[in-house]
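Student: Structure file run-v7.txt (compact mmCIF, C-alpha atoms and all ligand atoms) is given on the next line.
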# COMPACT_ATOMS: atom_id res chain seq x y z
CA MET F 223 35.39 40.00 63.81
CA ALA F 224 37.91 39.96 66.60
CA ARG F 225 40.12 38.02 64.25
CA ASN F 226 39.84 40.72 61.59
CA VAL F 227 40.91 43.33 64.04
CA TRP F 228 43.81 41.20 65.08
CA VAL F 229 44.81 40.60 61.48
CA ALA F 230 44.48 44.26 60.71
CA ARG F 231 46.72 45.21 63.58
CA LEU F 232 49.26 42.67 62.54
CA SER F 233 49.08 43.85 58.97
CA ILE F 234 50.38 47.24 59.89
CA LEU F 235 53.58 45.53 60.85
CA LEU F 236 53.77 43.40 57.74
CA LEU F 237 55.46 44.99 54.80
CA GLY F 238 55.47 43.67 51.24
CA GLY F 239 54.27 40.32 52.55
CA VAL F 240 50.77 41.34 51.61
CA LEU F 241 51.70 41.57 47.98
CA ILE F 242 53.09 38.06 47.81
CA ALA F 243 50.06 36.52 49.45
CA THR F 244 47.80 36.41 46.43
CA THR F 245 47.58 32.79 45.29
CA SER F 246 46.72 30.25 47.96
CA ARG F 247 43.25 30.21 49.44
CA PRO F 248 44.21 30.92 53.04
CA CYS F 249 46.23 33.81 51.76
CA GLN F 250 43.27 35.20 49.90
CA ARG F 251 41.25 35.06 53.05
CA PHE F 252 44.02 36.87 54.75
CA LEU F 253 43.98 39.46 52.02
CA ARG F 254 40.26 39.98 52.31
CA ALA F 255 40.65 40.57 56.00
CA LEU F 256 43.30 43.11 55.26
CA ASP F 257 41.13 44.81 52.72
CA VAL F 258 38.80 45.78 55.49
CA ARG F 259 41.40 47.96 57.06
CA LEU F 260 44.11 48.53 54.55
CA ALA F 261 42.51 49.40 51.30
CA SER F 262 44.68 50.80 48.60
CA ASP F 263 43.03 52.78 46.01
CA GLN F 264 42.37 53.62 42.47
CA ILE F 265 40.99 57.01 41.77
CA LEU F 266 38.16 57.34 39.35
CA PHE F 267 37.04 60.58 37.92
CA GLY F 268 33.80 61.12 36.10
CA ASP F 269 30.18 60.55 36.90
CA GLU F 270 30.56 60.68 40.61
CA SER F 271 32.26 64.02 40.86
CA PRO F 272 30.21 66.36 43.04
CA PHE F 273 30.93 69.11 40.55
CA GLN F 274 29.15 67.51 37.68
CA ASP F 275 25.64 66.80 38.67
CA LEU F 276 24.34 69.84 40.37
CA SER F 277 24.04 73.72 38.99
CA THR F 278 21.82 76.45 40.22
CA THR F 279 19.91 79.59 39.61
CA VAL F 280 20.58 82.10 42.29
CA SER F 281 19.69 85.60 43.15
CA GLY F 282 21.59 87.81 45.51
CA GLU F 283 21.08 90.97 47.47
CA LEU F 284 23.04 93.08 49.91
CA LEU F 285 21.33 93.28 53.25
CA GLN F 286 23.33 95.94 54.97
CA THR F 287 26.67 97.56 54.66
CA THR F 288 28.77 99.05 57.41
CA LEU F 289 31.82 101.13 56.77
CA ILE F 290 34.72 99.89 58.84
CA ASN F 291 38.33 100.89 59.09
CA GLN F 292 37.67 104.54 58.39
CA THR F 293 41.23 105.70 57.77
CA PRO F 294 40.95 107.53 54.48
CA ALA F 295 43.24 106.20 51.77
CA ASN F 296 46.15 108.51 51.13
CA PRO F 297 45.98 110.08 47.72
CA PHE F 298 49.04 109.63 45.54
CA GLN F 299 51.77 111.95 46.67
CA ASN F 300 52.83 112.43 43.10
CA PRO F 301 50.70 112.38 39.99
CA LEU F 302 51.45 109.68 37.46
CA ASN F 303 53.88 110.49 34.72
CA ASP F 304 55.98 108.81 32.08
CA ASP F 305 58.70 107.75 34.47
CA ASP F 306 56.31 105.60 36.47
CA LEU F 307 56.40 101.88 36.02
CA THR F 308 55.05 98.63 37.35
CA HIS F 309 57.81 96.26 38.34
CA LYS F 310 57.32 92.52 38.58
CA VAL F 311 59.44 90.92 41.28
CA GLN F 312 61.58 88.09 39.94
CA LYS F 313 62.56 84.92 41.75
CA GLY F 314 65.46 85.45 44.11
CA THR F 315 65.02 89.22 44.26
CA THR F 316 66.29 90.88 47.42
CA VAL F 317 65.55 94.47 48.39
CA ALA F 318 69.15 95.35 47.47
CA SER F 319 68.89 93.76 44.02
CA LEU F 320 65.49 95.38 43.55
CA TRP F 321 67.01 98.79 44.26
CA ALA F 322 69.80 98.12 41.80
CA SER F 323 67.47 96.93 39.06
CA LEU F 324 65.27 99.99 39.53
CA ARG F 325 68.42 102.12 39.14
CA GLY F 326 68.06 103.66 42.57
CA ALA F 327 70.75 106.04 43.83
CA PRO F 328 73.52 103.82 45.25
CA LYS F 329 74.09 106.05 48.27
CA ALA F 330 70.45 105.58 49.40
CA ALA F 331 70.37 101.79 49.00
CA GLY F 332 70.81 101.07 52.70
CA GLU F 333 68.19 103.53 53.81
CA PHE F 334 65.69 102.32 51.23
CA ALA F 335 66.24 98.72 52.28
CA LYS F 336 65.73 99.57 55.92
CA ALA F 337 62.48 101.39 55.18
CA PHE F 338 61.28 98.67 52.83
CA MET F 339 61.91 95.87 55.29
CA GLN F 340 60.56 97.69 58.33
CA HIS F 341 57.23 95.89 58.13
CA ASP F 342 58.54 92.49 57.01
CA LYS F 343 57.59 90.84 60.27
CA LYS F 344 54.01 91.81 59.72
CA VAL F 345 53.68 91.63 55.95
CA GLY F 346 56.37 89.13 54.93
CA ALA F 347 59.37 89.49 52.65
CA LEU F 348 59.19 90.13 48.89
CA LYS F 349 57.87 87.26 46.85
CA ALA F 350 58.37 86.42 43.19
CA GLY F 351 55.50 87.61 41.04
CA GLU F 352 54.52 90.57 43.22
CA LEU F 353 53.85 93.79 41.36
CA LEU F 354 55.34 97.02 42.66
CA GLU F 355 54.35 100.48 41.49
CA VAL F 356 57.39 102.67 41.20
CA LYS F 357 57.37 106.44 40.81
CA ARG F 358 60.42 108.33 39.67
CA ARG F 359 61.06 112.07 39.53
CA ASP F 360 64.14 113.71 38.03
CA GLY F 361 65.86 110.34 37.86
CA GLU F 362 65.13 109.58 41.53
CA ILE F 363 62.85 106.94 42.96
CA VAL F 364 60.36 108.82 45.10
CA GLU F 365 57.72 106.22 45.83
CA VAL F 366 57.31 102.45 45.78
CA ARG F 367 53.91 100.93 46.50
CA ARG F 368 53.44 97.29 47.38
CA GLN F 369 50.01 95.63 47.54
CA LEU F 370 49.36 93.68 50.73
CA SER F 371 46.52 91.41 51.69
CA PHE F 372 43.06 92.72 52.63
CA GLY F 373 43.46 95.63 50.22
CA ASP F 374 46.23 97.29 52.25
CA THR F 375 49.22 98.93 50.64
CA MET F 376 52.78 99.46 51.86
CA VAL F 377 54.24 102.76 50.70
CA VAL F 378 57.94 103.60 50.77
CA GLU F 379 58.68 107.22 49.89
CA GLY F 380 61.41 109.82 50.03
CA ASN F 381 64.51 110.68 48.05
CA SER F 382 68.23 110.11 48.22
CA ASP F 383 68.91 113.41 50.04
CA ASP F 384 66.21 113.24 52.73
CA GLY F 385 66.13 109.47 53.07
CA TYR F 386 63.24 107.00 52.85
CA SER F 387 60.44 106.06 55.17
CA SER F 388 57.59 103.57 54.93
CA ARG F 389 54.07 103.21 56.15
CA ILE F 390 51.09 100.95 55.64
CA GLU F 391 47.94 102.38 54.18
CA ARG F 392 44.94 100.54 55.46
CA ALA F 393 42.30 99.91 52.85
CA ARG F 394 38.94 101.52 53.31
CA LEU F 395 36.71 98.53 53.82
CA GLU F 396 33.03 98.00 54.05
CA GLN F 397 31.67 95.11 56.02
CA ARG F 398 28.49 93.96 54.49
CA GLU F 399 26.07 91.13 54.68
CA ARG F 400 25.28 89.40 51.46
CA LYS F 401 22.38 87.14 50.92
CA VAL F 402 22.10 84.60 48.17
CA SER F 403 19.19 82.34 47.50
CA GLY F 404 18.24 80.07 44.72
CA THR F 405 16.88 76.90 43.28
CA ILE F 406 19.08 73.95 42.54
CA HIS F 407 18.95 72.80 38.95
CA SER F 408 22.06 70.94 38.91
CA SER F 409 25.18 72.25 41.82
CA LEU F 410 26.04 74.15 44.84
CA VAL F 411 29.58 74.64 43.63
CA SER F 412 28.60 76.00 40.23
CA SER F 413 26.18 78.39 41.90
CA ALA F 414 29.03 79.61 44.07
CA ASN F 415 30.85 80.55 40.90
CA ALA F 416 27.81 82.13 39.32
CA GLN F 417 27.16 84.32 42.35
CA ASP F 418 30.70 85.09 43.46
CA ILE F 419 30.04 83.13 46.62
CA PRO F 420 33.48 82.35 47.98
CA TYR F 421 34.32 78.67 48.29
CA SER F 422 34.92 79.13 52.02
CA VAL F 423 31.24 80.03 52.40
CA ILE F 424 30.18 76.88 50.56
CA ASP F 425 32.54 74.84 52.73
CA ASP F 426 31.05 76.33 55.90
CA PHE F 427 27.54 75.81 54.56
CA VAL F 428 28.25 72.14 53.85
CA ASP F 429 29.81 71.67 57.29
CA LEU F 430 26.81 73.31 59.00
CA PHE F 431 24.36 70.94 57.32
CA GLY F 432 26.65 67.99 56.76
CA GLU F 433 25.41 66.01 59.74
CA ARG F 434 21.91 65.96 58.37
CA VAL F 435 22.36 66.26 54.64
CA GLU F 436 24.46 64.22 52.25
CA PHE F 437 25.17 66.82 49.63
CA ASN F 438 26.00 64.49 46.82
CA LYS F 439 22.91 62.36 47.13
CA ASP F 440 20.19 64.28 48.91
CA LEU F 441 20.07 67.43 46.80
CA GLN F 442 17.59 67.28 43.95
CA PRO F 443 16.63 69.69 41.20
CA GLY F 444 14.00 72.05 42.60
CA ASP F 445 15.47 72.15 46.11
CA THR F 446 16.05 75.67 47.37
CA PHE F 447 18.59 77.35 49.60
CA THR F 448 19.48 80.69 51.20
CA ILE F 449 22.75 81.87 52.72
CA VAL F 450 23.44 85.13 54.52
CA PHE F 451 27.12 85.76 55.11
CA GLU F 452 29.49 88.58 55.97
CA GLU F 453 32.14 89.94 53.68
CA LYS F 454 34.60 92.81 53.65
CA VAL F 455 34.93 94.80 50.48
CA THR F 456 37.34 97.55 49.43
CA ASP F 457 35.94 100.76 48.00
CA GLY F 458 37.09 99.41 44.66
CA GLY F 459 34.56 96.59 45.09
CA GLU F 460 37.11 93.85 45.71
CA ILE F 461 36.12 91.23 48.30
CA VAL F 462 39.10 90.91 50.61
CA ASP F 463 37.76 88.87 53.47
CA VAL F 464 34.86 86.58 54.13
CA GLY F 465 33.31 86.23 57.53
CA VAL F 466 30.83 83.92 59.11
CA ILE F 467 27.51 82.60 57.89
CA LYS F 468 24.79 84.45 59.79
CA SER F 469 22.00 82.19 58.68
CA ALA F 470 21.40 79.58 56.07
CA SER F 471 18.67 77.24 55.01
CA LEU F 472 18.08 74.41 52.66
CA ARG F 473 14.77 72.96 51.57
CA ILE F 474 15.00 69.42 50.31
CA ARG F 475 11.83 67.94 48.84
CA GLY F 476 9.70 70.25 50.95
CA GLN F 477 11.57 69.75 54.22
CA MET F 478 13.44 72.80 55.50
CA PHE F 479 16.76 72.58 57.29
CA ALA F 480 18.11 75.82 58.75
CA VAL F 481 20.77 77.36 60.92
CA VAL F 482 20.67 80.79 62.56
CA ARG F 483 23.69 82.21 64.31
CA ASP F 484 23.08 83.90 67.63
CA VAL F 485 25.75 85.88 69.44
CA GLN F 486 25.33 85.89 73.18
CA LYS F 487 26.09 88.74 75.59
CA ASP F 488 29.52 87.33 76.36
CA GLY F 489 30.38 87.31 72.67
CA THR F 490 30.20 83.55 72.13
CA ALA F 491 28.19 82.45 69.14
CA ARG F 492 26.02 79.41 68.61
CA TYR F 493 23.84 78.09 65.83
CA PHE F 494 20.21 77.11 66.27
CA ASN F 495 18.54 74.66 63.93
CA GLU F 496 15.16 75.01 62.24
CA LYS F 497 13.35 73.84 65.37
CA GLY F 498 15.07 76.45 67.49
CA GLN F 499 17.29 73.82 69.09
CA ILE F 500 21.03 73.79 69.47
CA PRO F 501 22.06 70.60 67.68
CA THR F 502 24.61 68.40 69.39
CA LYS F 503 27.79 68.11 67.42
CA GLY F 504 28.14 64.91 65.44
CA PHE F 505 30.87 64.22 62.93
CA LEU F 506 31.80 66.41 60.03
CA ARG F 507 30.50 64.69 56.92
CA TYR F 508 33.61 65.44 54.88
CA PRO F 509 37.15 65.12 56.24
CA VAL F 510 38.29 67.35 53.36
CA GLN F 511 36.63 70.68 52.67
CA TYR F 512 33.83 70.06 50.24
CA THR F 513 35.00 72.34 47.46
CA ARG F 514 38.41 70.66 47.40
CA ILE F 515 36.99 67.23 46.64
CA SER F 516 37.33 66.39 42.98
CA SER F 517 35.91 62.89 43.00
CA MET F 518 34.12 60.59 45.31
CA PHE F 519 32.90 57.03 45.19
CA SER F 520 32.93 53.69 46.97
CA LYS F 521 31.88 50.03 46.41
CA ALA F 522 33.76 47.39 44.46
CA ARG F 523 36.48 48.28 42.02
CA PHE F 524 39.50 46.90 40.34
CA HIS F 525 42.51 47.17 42.51
CA PRO F 526 45.35 48.81 40.58
CA VAL F 527 48.24 47.44 42.58
CA LEU F 528 47.11 44.17 44.13
CA LYS F 529 45.04 43.23 41.08
CA VAL F 530 42.12 41.97 43.09
CA LYS F 531 38.57 43.16 42.91
CA ARG F 532 37.09 43.58 46.30
CA PRO F 533 34.68 45.62 48.35
CA HIS F 534 36.18 48.83 49.49
CA HIS F 535 35.81 49.79 53.12
CA GLY F 536 36.17 53.47 52.87
CA VAL F 537 35.36 56.48 50.79
CA ASP F 538 37.99 57.90 48.49
CA PHE F 539 38.13 61.63 48.09
CA SER F 540 40.34 62.69 45.28
CA ALA F 541 41.83 66.09 46.07
CA PRO F 542 45.11 67.88 45.33
CA VAL F 543 48.22 66.87 47.27
CA GLY F 544 48.56 69.08 50.31
CA THR F 545 44.82 69.64 50.83
CA PRO F 546 44.25 69.73 54.59
CA VAL F 547 42.65 66.64 56.12
CA ARG F 548 40.48 67.19 59.19
CA SER F 549 39.48 64.89 61.99
CA VAL F 550 35.71 64.54 61.61
CA GLY F 551 35.18 64.52 65.35
CA GLU F 552 36.76 64.96 68.73
CA GLY F 553 38.86 62.00 69.77
CA THR F 554 42.19 60.44 70.61
CA VAL F 555 44.81 59.34 68.10
CA VAL F 556 45.37 55.59 68.33
CA PHE F 557 47.74 55.32 65.38
CA ALA F 558 49.81 57.90 63.51
CA GLY F 559 52.53 56.55 61.28
CA TYR F 560 53.51 54.75 58.13
CA SER F 561 52.27 51.47 56.74
CA PRO F 562 53.31 50.14 53.32
CA SER F 563 49.72 49.75 52.21
CA ALA F 564 48.01 52.69 53.86
CA GLY F 565 51.00 55.01 53.54
CA ASN F 566 50.96 57.73 56.14
CA MET F 567 47.90 56.96 58.18
CA VAL F 568 46.09 58.40 61.16
CA ARG F 569 43.51 56.42 63.10
CA ILE F 570 41.37 58.17 65.70
CA ALA F 571 39.10 56.72 68.38
CA HIS F 572 36.02 58.82 69.11
CA GLY F 573 34.85 57.49 72.45
CA GLN F 574 34.19 53.78 72.88
CA ARG F 575 32.19 53.25 69.77
CA TYR F 576 33.56 54.97 66.70
CA THR F 577 36.92 54.93 64.98
CA THR F 578 37.95 56.84 61.87
CA GLU F 579 41.00 56.42 59.68
CA TYR F 580 42.71 58.55 57.09
CA MET F 581 45.19 57.05 54.63
CA HIS F 582 47.77 57.89 51.95
CA LEU F 583 48.57 61.24 53.61
CA SER F 584 51.47 63.22 52.19
CA LYS F 585 52.20 64.24 55.75
CA ILE F 586 50.89 63.89 59.26
CA SER F 587 50.54 67.13 61.23
CA LYS F 588 53.53 68.00 63.36
CA GLY F 589 53.32 66.72 66.89
CA LEU F 590 50.40 64.38 66.20
CA ARG F 591 51.08 60.97 67.71
CA LYS F 592 49.43 58.11 69.51
CA GLY F 593 47.59 59.53 72.49
CA SER F 594 47.17 63.05 71.03
CA HIS F 595 43.80 64.65 71.62
CA VAL F 596 42.12 66.08 68.53
CA ASP F 597 39.12 68.36 68.19
CA ARG F 598 36.43 68.19 65.57
CA GLY F 599 37.72 69.86 62.42
CA MET F 600 41.35 69.89 63.53
CA VAL F 601 43.83 69.43 60.69
CA ILE F 602 45.64 66.11 61.18
CA GLY F 603 47.56 65.90 57.92
CA ALA F 604 47.43 66.53 54.21
CA VAL F 605 46.17 64.61 51.18
CA GLY F 606 48.87 62.60 49.44
CA SER F 607 49.49 59.40 47.55
CA THR F 608 51.66 57.40 49.93
CA GLY F 609 51.35 53.63 50.27
CA LEU F 610 49.42 51.62 47.70
CA SER F 611 47.71 54.41 45.88
CA SER F 612 47.44 55.27 42.22
CA GLY F 613 46.95 59.00 42.64
CA PRO F 614 46.52 61.77 45.19
CA HIS F 615 43.49 61.08 47.33
CA LEU F 616 42.28 60.55 50.85
CA HIS F 617 40.97 57.16 51.87
CA TYR F 618 38.57 57.75 54.74
CA GLY F 619 37.00 54.97 56.78
CA LEU F 620 34.46 55.01 59.62
CA PHE F 621 33.98 52.08 61.98
CA ASP F 622 31.25 51.43 64.53
CA LYS F 623 32.62 49.04 67.16
CA GLY F 624 35.15 47.84 64.61
CA LYS F 625 32.58 47.29 61.85
CA TYR F 626 32.77 49.45 58.74
CA ILE F 627 29.82 51.79 58.16
CA ASP F 628 29.20 54.19 55.26
CA PRO F 629 30.52 57.58 56.43
CA MET F 630 28.33 59.34 53.88
CA ARG F 631 25.18 57.89 55.42
CA ALA F 632 26.00 57.50 59.10
CA LYS F 633 24.02 59.58 61.59
CA ILE F 634 26.22 60.19 64.58
CA ALA F 635 24.72 63.29 66.21
CA SER F 636 22.43 62.57 69.13
CA ASP F 637 19.10 64.29 69.58
CA PRO F 638 19.33 67.93 70.55
CA GLY F 639 17.68 69.22 73.68
CA PRO F 640 14.44 71.26 73.80
CA ALA F 641 14.02 74.46 71.81
CA LYS F 642 15.46 77.48 73.58
CA ALA F 643 16.00 79.95 70.77
CA PRO F 644 15.55 83.65 71.48
CA PRO F 645 12.57 85.35 69.72
CA ALA F 646 14.84 86.94 67.11
CA VAL F 647 16.05 83.53 66.01
CA MET F 648 12.50 82.17 65.81
CA ALA F 649 11.51 85.21 63.72
CA ALA F 650 14.44 84.60 61.39
CA LEU F 651 13.38 80.98 60.99
CA ASP F 652 9.82 82.00 60.13
CA ALA F 653 11.11 84.45 57.55
CA MET F 654 13.24 81.73 55.97
CA ARG F 655 10.27 79.38 55.74
CA ARG F 656 8.22 82.01 53.94
CA GLU F 657 11.08 82.75 51.64
CA HIS F 658 11.53 79.15 50.62
CA ASP F 659 7.85 78.98 49.78
CA ALA F 660 8.22 82.06 47.60
CA VAL F 661 11.36 80.78 45.87
CA ALA F 662 9.81 77.36 45.30
CA LEU F 663 6.67 78.91 43.89
CA ALA F 664 8.60 81.20 41.58
CA SER F 665 10.56 78.31 40.13
CA GLU F 666 7.57 76.04 39.54
CA PRO F 667 6.27 75.63 36.01
CA ALA F 668 3.41 78.02 35.17
CA SER F 669 0.82 75.27 34.81
CA ARG F 670 1.37 74.02 38.34
CA LYS F 671 1.37 77.52 39.71
CA SER F 672 -2.03 78.32 38.22
CA LYS F 673 -3.54 75.25 39.86
CA ALA F 674 -2.46 76.40 43.31
ZN ZN C 1 40.18 53.90 49.43
Before we go any further, please render this structure as structure tokens.
Ligand SMILES: [Zn+2]

Tutor:
Amino acid sequence: MARNVWVARLSILLLGGVLIATTSRPCQRFLRALDVRLASDQILFGDESPFQDLSTTVSGELLQTTLINQTPANPFQNPLNDDDLTHKVQKGTTVASLWASLRGAPKAAGEFAKAFMQHDKKVGALKAGELLEVKRRDGEIVEVRRQLSFGDTMVVEGNSDDGYSSRIERARLEQRERKVSGTIHSSLVSSANAQDIPYSVIDDFVDLFGERVEFNKDLQPGDTFTIVFEEKVTDGGEIVDVGVIKSASLRIRGQMFAVVRDVQKDGTARYFNEKGQIPTKGFLRYPVQYTRISSMFSKARFHPVLKVKRPHHGVDFSAPVGTPVRSVGEGTVVFAGYSPSAGNMVRIAHGQRYTTEYMHLSKISKGLRKGSHVDRGMVIGAVGSTGLSSGPHLHYGLFDKGKYIDPMRAKIASDPGPAKAPPAVMAALDAMRREHDAVALASEPASRKSKA
């Protein structure tokens, strides 16, 4: 084993030498040793995609809505008429060229530009593809409206005699809690689509349960789940922001897993598990957000570059180039750099026992180097296809005292302490248990129900 580690370290320094070493027996042994640490990968799509085997029936309800951000929206200063138009911003458009193409009065160009760009620091400069609403009266531009994020609007108004000014209209938003629950027939991701559950909520849900549940293998048809999360909605019904998960639960073959968020007096929040304990933090199950993973597999395969079939000491997550890669746990970077086989690679030591590595990155996060401290969930780079790789993917490996272990199965969290949940959390947990029973009962076939 010590020899493997030594070989692996050396291999980082060796360049194409690995490729030549395919014929003689000692060389093959050498190669096998390298395979442990420097796998290069073929991406397979198909059966093992997490998007293909699971879909769900879900039901949703709104728990409560709170009106926030009460500034009333300004009504249009001018009613619509025939001179109004929607203008699509072209690539390379500046405010000056915009004014010219809208046939604005030349003498007011400077003033319009100043008003238009007043909020640039906060809202950013014009981008290609943006739609602007332009109102014109008697040949003059009197109002330009630009949609911003979170439902806000920037309004520039005036005329060439009086000049132009701008302001930002805050959207009237409601903060509400939405609850979704359902039975899994086939996937979490397809249910997210069916119920308008934002992907970020699914990602958070997976991260909250990831230490205890392997989503691709553990979930079975008939399992049930609930999620309560916050969202902000414009009065037009558009969801503009998604907040935290307040509570969530998952019942797998009769066993309930749950989290309930509790905000303490000082404003800090913590999650309790189904036993009313605060779980200790283990590793994130997925170094890439779950909904970004487009394929996943492991075991032996045909090597596309080295042409050798071999066991594969890592899990490959196929995901688009640029997808953020996260450190699964707190630790210290022991390697961050380029290797011909692994491409851009980061290796992190998590205490004395565990090491993780992330390969083929398109880039390593700025400032990350040997000795850097990383937190759980911190972005360390982005998915790429550098090194020996046949397509964009992340090769992720987990090692226990230098020995490879399956990251999808490993249990790293230690036992949580005794239950200390406040009564409200315990009550929420009881309610969830009852609800799962009701959901499970409702989705059972009629014959079984009548027996009960
Ligand atoms: Zn791999």

Student: In file coordinates, which residues lie within 6 Å of (50.9, 47.9, 50.1) using only C-alpha atoms, given as a PyMOL selection string?

Tutor: chain F and resi 562-563+609-610

Student: Between atom CA of F:Ser469 and atom CA of F:Ala393, what distance in Å does the model show, to one decimal?

Tutor: 27.6 Å

Student: Given the point (19.6, 65.7, 47.0) in the file's coordinates, find the residues that have an atom at most 10 Å from it, counting all atoms listed in the file, and give them as a PyMOL selection string.

Tutor: chain F and resi 276+406+408+435-445+473-475

Student: Considering all atoms listed in the file, can you say which of F:Lys588, F:Arg656, F:Lys468, F:His615 comes closest to ligand ZN 1 (chain C)?

Tutor: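 Selected residue with least distance to ligand ZN 1 (chain C): F:His615.
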
Student: Mind checking which residues fall within 7 Å of stretch 336-350 of chain F, counting all atoms listed in the file, ignoring those fewer than 4 positions away in the same chain, and posting them as JSON, numbers by chain?

Tutor: {"F": [311, 312, 313, 332, 378, 386, 387, 388]}

Student: Between atom CA of F:Asp425 and atom CA of F:Asp457, what is the spacing in Å?

Tutor: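 Separation between atom CA of F:Asp457 and atom CA of F:Asp425: 26.6 Å.
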
Student: Pick out the closest residue to F:Val555 from this set: F:Ser422, F:Asp538, F:Tyr576, F:Leu590. Count only C-alpha atoms.

Tutor: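 Looking only at the distances to F:Val555, the closest residue turns out to be F:Leu590.
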
Student: Between F:Leu620, F:Val464, F:Val377, F:Ala653, which one has atoms that come closest to ligand ZN 1 (chain C), using all atoms listed in the file?

Tutor: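 Of F:Leu620, F:Val464, F:Val377, F:Ala653, the one nearest ligand ZN 1 (chain C), counting all atoms listed in the file, is F:Leu620.
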
Student: In Å to one decimal, how far is atom CA of F:Tyr508 from atom CA of F:Asp429?

Tutor: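 Atom-to-atom, atom CA of F:Asp429 and atom CA of F:Tyr508 are spaced 7.7 Å apart.
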
Student: Residues within 10 Å of F:Arg569, please, as a list in words. Count all atoms listed in the file; anything in the same chain fewer than 3 positions from it doesn't count.

Tutor: Ser549, Gly553, Thr554, Val555, Val556, Phe557, Ala558, Gly559, His572, Thr577, Thr578, Glu579, Tyr580, Met581, Arg591, Lys592, Tyr618, Gly619 and Leu620 of chain F

Student: Have a look at F:Glu433, F:Glu453, F:Glu460, F:Glu391 and name the one nearest to F:Leu506; count only C-alpha atoms.

Tutor: F:Glu433

Student: Considering all atoms listed in the file, state which residue in the set F:Gly536, F:Gly599, F:Gly613, F:Gly589 is at the smallest distance from ligand ZN 1 (chain C).

Tutor: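 Checking each of F:Gly536, F:Gly599, F:Gly613, F:Gly589 against ligand ZN 1 (chain C), counting all atoms listed in the file, the winner is F:Gly536.
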